[in-house]
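**Q** As input, take final.tsv (TSV, C-alpha atoms and all ligand atoms):
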```
chain	number	residue	atom	x	y	z
A	1	MET	CA	-113.46	74.17	-151.20
A	2	ALA	CA	-115.33	71.67	-149.04
A	3	ARG	CA	-118.93	71.14	-150.15
A	4	ARG	CA	-121.87	71.28	-147.74
A	5	ALA	CA	-123.82	68.05	-147.60
A	6	ARG	CA	-126.59	68.25	-150.14
A	7	ARG	CA	-129.98	66.67	-150.28
A	8	HIS	CA	-130.51	64.04	-152.90
A	9	VAL	CA	-133.50	64.28	-155.16
A	10	ARG	CA	-136.19	62.26	-153.35
A	11	ALA	CA	-135.20	58.70	-154.21
A	12	ARG	CA	-138.10	56.51	-155.28
A	13	LEU	CA	-138.60	53.58	-152.94
A	14	VAL	CA	-138.86	50.43	-155.00
A	15	ALA	CA	-137.82	47.44	-152.92
A	16	PRO	CA	-136.58	47.22	-149.32
A	17	LEU	CA	-133.09	48.60	-148.91
A	18	GLY	CA	-129.96	47.04	-147.50
A	19	LEU	CA	-128.05	49.12	-144.94
A	20	TYR	CA	-124.29	48.64	-144.75
A	21	ILE	CA	-122.31	49.97	-141.76
A	22	HIS	CA	-118.56	50.12	-142.30
A	23	VAL	CA	-116.45	49.76	-139.15
A	24	PRO	CA	-112.92	50.79	-140.17
A	25	PHE	CA	-110.85	49.55	-137.21
A	26	CYS	CA	-108.72	46.43	-136.73
A	27	SER	CA	-106.51	45.23	-133.86
A	28	ALA	CA	-103.71	44.41	-136.30
A	29	ILE	CA	-103.35	44.64	-140.04
A	30	CYS	CA	-103.27	41.28	-141.81
A	31	ALA	CA	-100.47	40.76	-144.29
A	32	TYR	CA	-102.77	40.40	-147.31
A	33	CYS	CA	-105.48	42.94	-146.50
A	34	ASN	CA	-106.57	45.52	-149.02
A	35	PHE	CA	-109.80	46.65	-147.33
A	36	SER	CA	-110.60	50.11	-146.03
A	37	ARG	CA	-109.34	49.84	-142.43
A	38	GLY	CA	-106.79	51.17	-139.92
A	39	LEU	CA	-105.46	50.29	-136.49
A	40	LEU	CA	-107.88	50.67	-133.59
A	41	ASP	CA	-107.73	54.13	-132.02
A	42	GLY	CA	-110.03	54.24	-128.96
A	43	PRO	CA	-110.86	57.98	-128.91
A	44	LEU	CA	-111.37	58.02	-132.69
A	45	LYS	CA	-113.66	55.00	-132.40
A	46	LEU	CA	-115.88	56.91	-129.93
A	47	ARG	CA	-116.12	59.83	-132.36
A	48	TYR	CA	-116.76	57.39	-135.22
A	49	VAL	CA	-119.76	55.86	-133.42
A	50	GLU	CA	-121.24	59.33	-132.83
A	51	ALA	CA	-120.63	60.24	-136.46
A	52	VAL	CA	-122.05	57.08	-137.98
A	53	THR	CA	-125.21	57.27	-135.85
A	54	ALA	CA	-125.58	60.93	-136.90
A	55	GLU	CA	-125.09	59.97	-140.55
A	56	ILE	CA	-127.78	57.29	-140.27
A	57	ARG	CA	-130.24	59.55	-138.44
A	58	GLY	CA	-129.71	62.22	-141.10
A	59	ALA	CA	-130.46	59.83	-143.98
A	60	PRO	CA	-134.23	60.49	-144.29
A	61	ASP	CA	-133.68	64.24	-144.67
A	62	ARG	CA	-130.85	63.64	-147.11
A	63	PHE	CA	-132.93	61.42	-149.36
A	64	GLY	CA	-136.24	63.26	-149.03
A	65	TRP	CA	-138.00	60.61	-146.96
A	66	ARG	CA	-139.88	60.86	-143.69
A	67	PRO	CA	-138.09	59.16	-140.76
A	68	GLY	CA	-139.16	55.53	-140.78
A	69	GLU	CA	-140.62	55.76	-144.30
A	70	ALA	CA	-137.96	53.81	-146.19
A	71	ARG	CA	-138.09	50.10	-145.48
A	72	ALA	CA	-134.84	48.19	-144.91
A	73	ASP	CA	-134.77	44.42	-144.62
A	74	THR	CA	-131.05	43.78	-144.19
A	75	ILE	CA	-128.34	45.45	-142.12
A	76	PHE	CA	-124.71	44.42	-142.39
A	77	PHE	CA	-121.85	45.51	-140.11
A	78	GLY	CA	-118.70	44.96	-142.19
A	79	GLY	CA	-115.13	46.07	-141.88
A	80	GLY	CA	-112.46	46.25	-140.70
A	81	THR	CA	-113.46	44.41	-137.54
A	82	PRO	CA	-117.00	45.23	-136.36
A	83	SER	CA	-116.52	43.01	-133.30
A	84	LEU	CA	-114.20	45.73	-131.94
A	85	LEU	CA	-117.29	47.80	-131.22
A	86	GLU	CA	-118.75	47.60	-127.72
A	87	ARG	CA	-122.16	45.95	-127.35
A	88	HIS	CA	-123.79	49.27	-126.49
A	89	GLU	CA	-122.22	50.85	-129.59
A	90	VAL	CA	-123.76	48.18	-131.81
A	91	ALA	CA	-127.08	48.77	-130.04
A	92	ALA	CA	-126.82	52.55	-130.57
A	93	ILE	CA	-126.13	52.13	-134.29
A	94	LEU	CA	-129.08	49.75	-134.64
A	95	ALA	CA	-131.30	52.16	-132.73
A	96	ALA	CA	-130.34	54.89	-135.21
A	97	CYS	CA	-131.23	52.54	-138.09
A	98	ARG	CA	-134.64	51.87	-136.52
A	99	THR	CA	-135.29	55.60	-136.06
A	100	ALA	CA	-134.34	56.53	-139.60
A	101	PHE	CA	-135.71	53.49	-141.44
A	102	ASP	CA	-138.62	51.10	-141.22
A	103	VAL	CA	-136.51	48.07	-140.33
A	104	ALA	CA	-138.62	45.06	-141.31
A	105	PRO	CA	-139.62	42.54	-138.67
A	106	GLY	CA	-137.37	39.57	-139.36
A	107	ALA	CA	-134.74	41.73	-141.07
A	108	GLU	CA	-131.42	39.95	-141.49
A	109	ILE	CA	-128.88	41.76	-139.28
A	110	THR	CA	-125.32	40.50	-139.76
A	111	LEU	CA	-122.15	41.42	-137.93
A	112	GLU	CA	-118.68	40.33	-139.02
A	113	ALA	CA	-116.64	39.12	-136.06
A	114	ASN	CA	-113.03	38.09	-135.71
A	115	PRO	CA	-112.40	35.15	-133.37
A	116	GLU	CA	-110.14	37.14	-131.03
A	117	SER	CA	-112.88	39.69	-130.32
A	118	ALA	CA	-115.91	37.41	-130.09
A	119	ALA	CA	-116.24	36.76	-126.36
A	120	ILE	CA	-119.58	35.41	-125.16
A	121	PRO	CA	-120.70	38.59	-123.28
A	122	PHE	CA	-120.17	40.57	-126.49
A	123	LEU	CA	-122.05	38.01	-128.57
A	124	GLU	CA	-124.93	37.89	-126.07
A	125	GLY	CA	-125.07	41.68	-126.03
A	126	ILE	CA	-125.27	42.10	-129.77
A	127	ARG	CA	-127.77	39.24	-130.04
A	128	ALA	CA	-129.97	41.07	-127.51
A	129	ALA	CA	-129.58	44.26	-129.57
A	130	GLY	CA	-131.01	42.47	-132.60
A	131	VAL	CA	-128.03	41.08	-134.50
A	132	ASN	CA	-129.26	37.69	-135.75
A	133	ARG	CA	-126.50	36.56	-138.09
A	134	LEU	CA	-122.80	36.27	-137.28
A	135	SER	CA	-120.09	36.02	-139.91
A	136	VAL	CA	-116.84	34.79	-138.39
A	137	GLY	CA	-113.50	35.43	-140.11
A	138	VAL	CA	-111.80	32.12	-139.38
A	139	GLN	CA	-109.76	31.86	-142.64
A	140	SER	CA	-107.97	28.63	-141.66
A	141	PHE	CA	-107.97	25.92	-139.01
A	142	ARG	CA	-104.20	25.50	-139.33
A	143	GLN	CA	-102.03	27.54	-137.01
A	144	ALA	CA	-99.09	27.91	-139.42
A	145	GLU	CA	-101.41	29.29	-142.10
A	146	LEU	CA	-102.93	31.84	-139.72
A	147	ARG	CA	-99.45	33.02	-138.76
A	148	ARG	CA	-98.40	33.38	-142.40
A	149	LEU	CA	-101.47	35.50	-143.09
A	150	GLY	CA	-100.67	37.74	-140.13
A	151	ARG	CA	-103.95	36.85	-138.39
A	152	ILE	CA	-103.79	37.42	-134.64
A	153	HIS	CA	-106.25	34.72	-133.57
A	154	ASP	CA	-105.42	31.07	-133.08
A	155	VAL	CA	-107.29	27.92	-134.00
A	156	ALA	CA	-108.63	27.43	-130.45
A	157	GLN	CA	-110.13	30.95	-130.50
A	158	ALA	CA	-111.81	30.20	-133.82
A	159	ARG	CA	-113.42	27.07	-132.39
A	160	ARG	CA	-114.45	28.97	-129.25
A	161	ALA	CA	-116.02	31.76	-131.34
A	162	LEU	CA	-118.24	29.26	-133.15
A	163	ALA	CA	-119.24	27.56	-129.88
A	164	GLY	CA	-119.78	30.97	-128.26
A	165	ALA	CA	-122.06	32.06	-131.09
A	166	ARG	CA	-124.30	29.07	-130.41
A	167	GLU	CA	-124.21	29.68	-126.69
A	168	ALA	CA	-125.25	33.29	-127.28
A	169	GLY	CA	-128.25	32.09	-129.28
A	170	PHE	CA	-127.13	32.60	-132.89
A	171	ASP	CA	-128.79	30.10	-135.20
A	172	ASN	CA	-127.43	31.69	-138.36
A	173	VAL	CA	-123.65	31.62	-138.46
A	174	SER	CA	-121.34	32.00	-141.42
A	175	LEU	CA	-117.68	31.21	-141.52
A	176	ASP	CA	-114.99	32.53	-143.94
A	177	LEU	CA	-112.13	30.36	-145.15
A	178	MET	CA	-109.27	31.23	-147.49
A	179	MET	CA	-107.63	28.86	-149.93
A	180	TRP	CA	-104.50	28.86	-152.06
A	181	LEU	CA	-102.40	30.19	-149.20
A	182	PRO	CA	-98.59	30.22	-149.19
A	183	GLU	CA	-97.24	26.67	-148.83
A	184	GLN	CA	-100.76	25.23	-148.53
A	185	THR	CA	-101.34	21.79	-150.03
A	186	VAL	CA	-104.69	20.54	-151.27
A	187	ALA	CA	-104.85	18.09	-148.34
A	188	GLN	CA	-104.17	20.86	-145.81
A	189	TRP	CA	-106.87	23.05	-147.34
A	190	LEU	CA	-109.34	20.21	-147.12
A	191	GLU	CA	-108.53	19.74	-143.43
A	192	SER	CA	-109.81	23.27	-142.83
A	193	VAL	CA	-112.89	22.62	-144.94
A	194	ASP	CA	-113.65	19.41	-143.04
A	195	GLU	CA	-113.22	21.08	-139.68
A	196	ALA	CA	-115.51	23.92	-140.77
A	197	VAL	CA	-118.16	21.45	-141.90
A	198	GLY	CA	-117.81	19.60	-138.60
A	199	LEU	CA	-118.70	22.79	-136.71
A	200	GLY	CA	-121.96	22.99	-138.65
A	201	PRO	CA	-122.28	26.65	-139.70
A	202	GLU	CA	-125.35	27.54	-141.76
A	203	HIS	CA	-123.23	29.36	-144.35
A	204	LEU	CA	-119.64	29.32	-145.61
A	205	SER	CA	-117.68	31.72	-147.80
A	206	LEU	CA	-114.59	30.31	-149.50
A	207	TYR	CA	-112.19	32.86	-150.93
A	208	MET	CA	-109.04	32.44	-152.92
A	209	LEU	CA	-106.12	34.48	-151.60
A	210	GLU	CA	-105.52	37.50	-153.82
A	211	LEU	CA	-102.15	39.17	-153.54
A	212	TYR	CA	-102.41	42.84	-154.42
A	213	PRO	CA	-99.20	44.47	-155.73
A	214	ASN	CA	-97.71	45.89	-152.50
A	215	ALA	CA	-99.14	43.38	-150.02
A	216	PRO	CA	-96.70	42.81	-147.12
A	217	LEU	CA	-97.39	39.12	-147.60
A	218	ARG	CA	-95.54	39.26	-150.91
A	219	GLU	CA	-92.37	40.42	-149.16
A	220	ALA	CA	-92.79	37.88	-146.39
A	221	MET	CA	-93.17	35.15	-149.01
A	222	ALA	CA	-90.01	36.28	-150.79
A	223	ARG	CA	-88.03	36.40	-147.53
A	224	ALA	CA	-89.20	33.02	-146.32
A	225	HIS	CA	-89.13	31.40	-149.78
A	226	TRP	CA	-92.81	30.45	-149.49
A	227	SER	CA	-94.64	29.84	-152.70
A	228	LEU	CA	-98.25	29.56	-153.72
A	229	ALA	CA	-99.47	26.21	-154.93
A	230	PRO	CA	-99.72	25.82	-158.71
A	231	ASP	CA	-102.88	27.04	-160.49
A	232	ASP	CA	-103.98	23.45	-161.01
A	233	ASP	CA	-103.99	22.99	-157.25
A	234	ALA	CA	-106.18	26.08	-156.88
A	235	ALA	CA	-108.71	24.49	-159.23
A	236	GLU	CA	-108.57	21.23	-157.32
A	237	MET	CA	-108.95	23.05	-153.98
A	238	TYR	CA	-112.04	24.83	-155.21
A	239	GLU	CA	-113.74	21.92	-156.91
A	240	THR	CA	-112.98	19.37	-154.21
A	241	ALA	CA	-114.13	21.68	-151.43
A	242	MET	CA	-117.37	22.47	-153.25
A	243	ALA	CA	-118.00	18.77	-153.85
A	244	ARG	CA	-117.50	18.05	-150.11
A	245	LEU	CA	-119.85	20.86	-149.20
A	246	ASP	CA	-122.47	19.47	-151.63
A	247	THR	CA	-122.18	16.11	-149.88
A	248	ALA	CA	-122.52	17.78	-146.48
A	249	GLY	CA	-125.86	19.31	-147.55
A	250	TYR	CA	-124.78	22.82	-148.44
A	251	ARG	CA	-125.94	24.41	-151.67
A	252	GLN	CA	-123.58	26.59	-153.63
A	253	TYR	CA	-125.48	29.74	-154.58
A	254	GLU	CA	-122.65	32.03	-155.64
A	255	ILE	CA	-119.07	31.66	-156.85
A	256	SER	CA	-117.64	31.84	-153.32
A	257	ASN	CA	-120.66	31.08	-151.14
A	258	VAL	CA	-122.60	28.04	-149.98
A	259	ALA	CA	-125.48	27.82	-147.53
A	260	ARG	CA	-127.99	25.49	-145.98
A	261	PRO	CA	-131.27	25.96	-147.85
A	262	GLY	CA	-132.81	29.30	-146.90
A	263	ARG	CA	-129.63	30.57	-145.20
A	264	GLU	CA	-128.15	32.45	-148.16
A	265	SER	CA	-126.94	35.96	-147.26
A	266	ARG	CA	-129.94	38.15	-148.00
A	267	HIS	CA	-127.83	41.27	-147.74
A	268	ASN	CA	-125.19	40.12	-150.21
A	269	MET	CA	-127.91	38.95	-152.60
A	270	LYS	CA	-128.81	42.62	-153.04
A	271	TYR	CA	-125.35	43.21	-154.52
A	272	TRP	CA	-125.75	40.31	-156.92
A	273	THR	CA	-129.33	40.93	-158.00
A	274	ASP	CA	-129.37	44.59	-158.96
A	275	GLY	CA	-130.63	45.67	-155.53
A	276	GLU	CA	-130.25	48.96	-153.69
A	277	TRP	CA	-128.31	49.71	-150.53
A	278	ILE	CA	-127.00	52.65	-148.54
A	279	GLY	CA	-123.56	52.44	-146.95
A	280	PHE	CA	-122.71	54.41	-143.80
A	281	GLY	CA	-119.29	55.03	-142.31
A	282	PRO	CA	-115.91	55.83	-143.87
A	283	GLY	CA	-115.29	54.28	-147.27
A	284	ALA	CA	-118.81	52.79	-147.49
A	285	HIS	CA	-120.34	52.42	-150.96
A	286	SER	CA	-123.99	53.04	-151.84
A	287	THR	CA	-126.20	52.36	-154.84
A	288	LEU	CA	-129.64	53.96	-154.96
A	289	ALA	CA	-131.92	54.85	-157.88
A	290	GLY	CA	-129.15	54.27	-160.44
A	291	VAL	CA	-126.69	56.51	-158.59
A	292	ARG	CA	-123.53	55.20	-156.97
A	293	TRP	CA	-121.26	56.95	-154.51
A	294	LYS	CA	-118.62	56.26	-151.92
A	295	ASN	CA	-118.02	57.99	-148.60
A	296	VAL	CA	-114.63	59.53	-147.84
A	297	SER	CA	-112.31	56.78	-146.58
A	298	ALA	CA	-110.18	58.30	-143.79
A	299	PRO	CA	-112.01	57.91	-140.45
A	300	ASP	CA	-110.79	61.26	-139.04
A	301	ASP	CA	-111.84	63.08	-142.22
A	302	TYR	CA	-115.21	61.29	-142.10
A	303	VAL	CA	-115.82	62.24	-138.46
A	304	ALA	CA	-114.84	65.88	-139.06
A	305	ARG	CA	-117.11	66.14	-142.10
A	306	VAL	CA	-120.12	64.71	-140.28
A	307	ALA	CA	-119.55	67.20	-137.42
A	308	ALA	CA	-119.28	70.13	-139.85
A	309	GLY	CA	-122.22	69.07	-142.02
A	310	LEU	CA	-119.98	68.70	-145.06
A	311	THR	CA	-120.59	66.21	-147.81
A	312	LEU	CA	-119.20	62.72	-147.27
A	313	GLU	CA	-119.59	61.66	-150.86
A	314	THR	CA	-116.78	61.04	-153.30
A	315	ASP	CA	-117.02	59.45	-156.74
A	316	ARG	CA	-120.75	60.20	-157.05
A	317	ARG	CA	-122.04	59.31	-160.47
A	318	THR	CA	-125.17	58.22	-162.23
A	319	LEU	CA	-124.70	54.83	-163.86
A	320	THR	CA	-125.30	54.80	-167.59
A	321	GLU	CA	-127.88	52.43	-169.02
A	322	GLU	CA	-125.02	50.35	-170.43
A	323	GLU	CA	-123.26	50.15	-167.05
A	324	ARG	CA	-126.52	49.08	-165.40
A	325	TRP	CA	-127.20	46.15	-167.68
A	326	GLN	CA	-123.53	45.14	-167.76
A	327	GLU	CA	-123.50	45.04	-164.00
A	328	ALA	CA	-126.78	43.13	-163.82
A	329	VAL	CA	-125.29	40.51	-166.18
A	330	ILE	CA	-121.91	40.29	-164.49
A	331	MET	CA	-123.33	40.10	-160.97
A	332	GLY	CA	-126.09	37.72	-162.07
A	333	LEU	CA	-123.53	35.35	-163.55
A	334	ARG	CA	-121.83	35.10	-160.17
A	335	LEU	CA	-124.92	33.28	-158.96
A	336	GLN	CA	-125.38	29.57	-159.37
A	337	ALA	CA	-128.87	30.32	-160.71
A	338	GLY	CA	-127.28	32.54	-163.36
A	339	MET	CA	-129.17	35.38	-164.99
A	340	SER	CA	-132.35	35.61	-167.01
A	341	VAL	CA	-131.84	36.70	-170.62
A	342	GLY	CA	-135.52	37.68	-170.78
A	343	ALA	CA	-135.34	39.82	-167.65
A	344	ILE	CA	-132.35	41.74	-169.03
A	345	ALA	CA	-134.24	42.28	-172.32
A	346	ALA	CA	-137.37	43.42	-170.48
A	347	GLN	CA	-135.59	45.78	-168.14
A	348	TYR	CA	-132.83	47.17	-170.35
A	349	GLY	CA	-133.91	46.34	-173.91
A	350	VAL	CA	-130.71	44.40	-174.56
A	351	ASP	CA	-130.81	41.19	-176.63
A	352	LEU	CA	-127.91	39.28	-175.08
A	353	ASP	CA	-128.21	36.36	-177.50
A	354	ALA	CA	-127.90	38.58	-180.54
A	355	ARG	CA	-125.06	40.63	-179.10
A	356	PHE	CA	-122.99	38.01	-177.32
A	357	GLY	CA	-124.21	34.58	-178.41
A	358	ALA	CA	-121.31	34.01	-180.81
A	359	GLU	CA	-118.67	35.15	-178.32
A	360	LEU	CA	-120.11	32.92	-175.60
A	361	GLN	CA	-120.26	29.85	-177.85
A	362	PRO	CA	-116.63	28.73	-177.27
A	363	PHE	CA	-117.22	28.90	-173.51
A	364	ARG	CA	-120.38	26.80	-173.90
A	365	GLU	CA	-118.50	24.24	-175.99
A	366	ALA	CA	-115.78	24.10	-173.32
A	367	GLY	CA	-118.39	23.35	-170.66
A	368	LEU	CA	-117.80	26.63	-168.81
A	369	VAL	CA	-121.16	28.22	-169.55
A	370	GLU	CA	-124.55	26.55	-169.87
A	371	ARG	CA	-127.98	27.60	-170.97
A	372	GLU	CA	-131.15	26.24	-169.40
A	373	GLY	CA	-134.30	27.72	-170.84
A	374	ASP	CA	-134.09	31.45	-170.37
A	375	ARG	CA	-131.18	31.35	-167.96
A	376	VAL	CA	-127.46	31.48	-168.66
A	377	ARG	CA	-125.05	30.43	-165.96
A	378	LEU	CA	-121.46	29.49	-165.28
A	379	THR	CA	-120.76	25.86	-164.54
A	380	ARG	CA	-118.61	25.16	-161.48
A	381	ARG	CA	-115.57	24.87	-163.71
A	382	GLY	CA	-116.65	28.09	-165.41
A	383	MET	CA	-116.77	29.83	-162.01
A	384	LEU	CA	-113.05	29.15	-161.68
A	385	VAL	CA	-112.38	31.24	-164.77
A	386	ALA	CA	-115.29	33.65	-164.29
A	387	ASN	CA	-113.23	36.74	-165.11
A	388	GLU	CA	-112.41	35.41	-168.57
A	389	VAL	CA	-116.04	34.67	-169.35
A	390	LEU	CA	-117.33	37.94	-167.93
A	391	ARG	CA	-114.91	39.91	-170.10
A	392	VAL	CA	-117.23	39.09	-173.02
A	393	PHE	CA	-119.75	41.59	-171.66
A	394	ILE	CA	-117.39	44.50	-170.98
A	401	LIG	S1	-109.08	41.75	-139.87
A	401	LIG	FE1	-109.95	41.86	-141.96
A	401	LIG	S2	-110.09	44.04	-142.42
A	401	LIG	FE2	-108.74	43.85	-140.63
A	401	LIG	S3	-106.68	43.79	-141.46
A	401	LIG	FE3	-107.34	41.65	-141.27
A	401	LIG	S4	-108.27	41.13	-143.26
A	401	LIG	FE4	-108.11	43.37	-143.13
```
Any chance you could give the structure as structure tokens?

**A**
Amino acid sequence: MARRARRHVRARLVAPLGLYIHVPFCSAICAYCNFSRGLLDGPLKLRYVEAVTAEIRGAPDRFGWRPGEARADTIFFGGGTPSLLERHEVAAILAACRTAFDVAPGAEITLEANPESAAIPFLEGIRAAGVNRLSVGVQSFRQAELRRLGRIHDVAQARRALAGAREAGFDNVSLDLMMWLPEQTVAQWLESVDEAVGLGPEHLSLYMLELYPNAPLREAMARAHWSLAPDDDAAEMYETAMARLDTAGYRQYEISNVARPGRESRHNMKYWTDGEWIGFGPGAHSTLAGVRWKNVSAPDDYVARVAAGLTLETDRRTLTEEERWQEAVIMGLRLQAGMSVGAIAAQYGVDLDARFGAELQPFREAGLVEREGDRVRLTRRGMLVANEVLRVFI
């Protein structure tokens, strides 16, 4: 039987929250995508916007806060393709956030945009509504690579989106690129990196293509006899790109992310530093006061539940003490600054040296992990094999 939405025990407000808004619509489905998304359905999108604003406005009551009591200092529209929203829809969602939360002056407000839906009037409209950071899903500056990935934008649109962001007044722009694509050589990958650097974004995210088991891209690769470059090339792609970005004045602060000083993603830092955030919209995840939950994923189910006042939560569980420190360690090690052994001991009473020092030693000897004072971190080479190192703590 469907459960009515319940109130949470009043969650203690410790540090400013992050607010995540999931927009589950895309104009086409990319051949590698494993995110929570579906094809754009206009009428459903209208009902989604009503539902997500209602969910946000209902948050204070749900968590036992007064409207405007809980401070939020980051808002992130992710997807899916948030740039498929209309300007006024973005404004309405932000207005709901400002009613329900005390959105800090100077809060970082990011919206993910795809190049094909980032026209200047849209960008100007969302900038006027308060969005101050744009994250553009470029993925590649090579047309053949975009086609192989099933992306619907072209290279010219990607360049125009970056120029348009500047014209609309964005001074904080991030750009996503993907490496280790089918048939991609190291030199071709570096062409995309160089073009990205030439456009001068404040932030870049570099991801390695991951092929999940039933990805349509796998079939397309088999049909066309495309292959991925060897693993050694993946390492070279990563290390060479990071070295070029160092030279260009970017600072790597996380396994996949570099930024100009001070332009790190404040929202994503909450995920990596044991922070708290509330996710709104279908499939959005939340972590608050040691409790984690996920909203139902299907947009029509989500909309119907909001309208009927039914619970949206699935997979709600309180993290155990062990899960909390494990996550703090694993997420902390994603950061270039690494994690503080003393902070983990103080917060969770876990002596990492005593428990894991011996197991980490071979990684230290191999130059994959290093210790500097109280901090342990992955070296750049270690970041390439992060999963192997992190397994020590699980
Ligand atoms: S645009 Fe992004 S979310 Fe949508 S299908 Fe492509 S990769 Fe997935």

**Q** Around ligand LIG 401 (chain A), which protein and nucleic acid residues have at least one atom no more than 7 Å from it, if we count all atoms listed in the file? List them as JSON, numbers by chain.

**A** {"A": [25, 26, 28, 29, 30, 32, 33, 34, 35, 37, 79, 80, 81, 114, 151]}

**Q** Skip Ser117 (chain A) itself and residues of its chain fewer than 3 positions away, then list as a VMD selection string all residues within 10 Å of it, counting only C-alpha atoms.

**A** chain A and resid 27 81 to 85 113 to 114 120 122 to 123 153 157 161

**Q** Can you write out the residues you just picked, keeping C-alpha atoms, as a short mmCIF file (atom, residue, chain, number, x, y, z; two decimals), keeping the file's coordinate frame?

**A**
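Final output, saved to part.cif:
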```cif
data_model
loop_
_atom_site.label_atom_id
_atom_site.label_comp_id
_atom_site.auth_asym_id
_atom_site.auth_seq_id
_atom_site.Cartn_x
_atom_site.Cartn_y
_atom_site.Cartn_z
CA SER A 27 -106.51 45.23 -133.86
CA THR A 81 -113.46 44.41 -137.54
CA PRO A 82 -117.00 45.23 -136.36
CA SER A 83 -116.52 43.01 -133.30
CA LEU A 84 -114.20 45.73 -131.94
CA LEU A 85 -117.29 47.80 -131.22
CA ALA A 113 -116.64 39.12 -136.06
CA ASN A 114 -113.03 38.09 -135.71
CA ILE A 120 -119.58 35.41 -125.16
CA PHE A 122 -120.17 40.57 -126.49
CA LEU A 123 -122.05 38.01 -128.57
CA HIS A 153 -106.25 34.72 -133.57
CA GLN A 157 -110.13 30.95 -130.50
CA ALA A 161 -116.02 31.76 -131.34
#
```

**Q** Which of these, A:Ala358, A:Ala118, A:Ala96, A:Val173, has the shortest distance to Ala158 (chain A) once you count all atoms listed in the file?

**A**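 Smallest distance to Ala158 (chain A) is found for A:Ala118.
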
**Q** List as JSON, numbers by chain the protein and nucleic acid residues near region 125-129 of chain A, meaning an atom at most 10 Å away when all atoms listed in the file are counted, but skip any in the same chain fewer than 5 places from it.

**A** {"A": [83, 85, 86, 87, 88, 89, 90, 91, 92, 93, 94, 95, 109, 111, 120, 134, 165, 168, 169, 170]}

**Q** Determine, counting all atoms listed in the file, which protein, DNA and RNA residues have an atom within 7 Å of an atom of region 208-217 of chain A; residues of the same chain fewer than 5 positions away are not included. Present the result as a list in words.

**A**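 Those residues are Ala31, Tyr32, Met178, Met179, Trp180 and Leu181 of chain A.
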
**Q** Ranking A:Ala100, A:Ile330, A:Leu177, A:Val341 by minimum distance to Ala54 (chain A) and counting only C-alpha atoms, which one comes first?

**A**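 Checking each of A:Ala100, A:Ile330, A:Leu177, A:Val341 against Ala54 (chain A), counting only C-alpha atoms, the winner is A:Ala100.
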
**Q** Excluding Asp246 (chain A) and any residue of its chain fewer than 6 positions from it, enumerate the residues within 10 Å of it, using all atoms listed in the file, and give them as an mmCIF file with C-alpha atoms, keeping the file's coordinate frame.

**A**
```cif
data_model
loop_
_atom_site.group_PDB
_atom_site.id
_atom_site.type_symbol
_atom_site.label_atom_id
_atom_site.label_comp_id
_atom_site.auth_asym_id
_atom_site.auth_seq_id
_atom_site.Cartn_x
_atom_site.Cartn_y
_atom_site.Cartn_z
ATOM 1 C CA THR A 240 -112.980 19.370 -154.210
ATOM 2 C CA GLN A 252 -123.580 26.590 -153.630
ATOM 3 C CA VAL A 258 -122.600 28.040 -149.980
ATOM 4 C CA ALA A 259 -125.480 27.820 -147.530
ATOM 5 C CA ARG A 260 -127.990 25.490 -145.980
#
```

**Q** Fewer than 5 positions away in the same chain doesn't count, so skip those; otherwise give me all residues within 9 Å of Arg292 (chain A), counting only C-alpha atoms, as a PyMOL selection string.

**A** chain A and resi 285-287+315-319

**Q** Out of A:Glu116, A:Glu313, A:Asp233, A:Glu183, which residue has the shortest atom-to-atom distance to Glu55 (chain A) when counting all atoms listed in the file?

**A** A:Glu313

**Q** Tell me, counting all atoms listed in the file, for each residue of region 59-118 of chain A within 12 Å of region 268-280 of chain A, which pair of atoms is nearest and how far apart they are in Å to one decimal, in rows ordered by chain and increasing number, as a tab-separated table.

**A**
```
residue	atom	partner	partner_atom	distance
A:Ala59	CA	A:Ile278	CA	9.2
A:Pro60	CA	A:Ile278	CA	11.5
A:Arg62	CA	A:Ile278	CA	11.7
A:Phe63	CA	A:Ile278	CA	10.6
A:Ala70	CA	A:Ile278	CA	11.3
A:Arg71	CA	A:Trp277	CA	11.0
A:Ala72	CA	A:Trp277	CA	8.7
A:Asp73	CA	A:Trp277	CA	10.2
A:Thr74	CA	A:Trp277	CA	9.1
A:Ile75	CA	A:Trp277	CA	9.4
A:Phe76	CA	A:Asn268	CA	8.9
A:Phe77	CA	A:Phe280	CA	9.7
A:Gly78	CA	A:Gly279	CA	10.1
A:Gly79	CA	A:Phe280	CA	11.4
A:Ile93	CA	A:Phe280	CA	10.4
A:Ala96	CA	A:Phe280	CA	11.5
A:Cys97	CA	A:Phe280	CA	10.4
A:Phe101	CA	A:Ile278	CA	11.3
A:Glu108	CA	A:Asn268	CA	10.7
A:Ile109	CA	A:Asn268	CA	11.7
A:Thr110	CA	A:Asn268	CA	10.5
```

**Q** Which one of A:Met331, A:Ala248, A:Met242, A:Met237 sits closest to Glu202 (chain A) if you count only C-alpha atoms?

**A** A:Ala248

**Q** Could you state the separation of CA of Gln139 (chain A) and CA of Ser192 (chain A) in Å, given to one decimal place?

**A**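 Between CA of Gln139 (chain A) and CA of Ser192 (chain A) the gap is 8.6 Å.
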
**Q** For the atom pair CA of Ile21 (chain A) and CA of Arg160 (chain A), what is the interatomic distance in Å to one decimal place?

**A**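 One can read the CA of Ile21 (chain A) to CA of Arg160 (chain A) distance as 25.7 Å.
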
**Q** Just the number, please: distance in Å from CA of Val49 (chain A) to CA of Ala284 (chain A), one decimal.

**A**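 So the answer is 14.4 Å.
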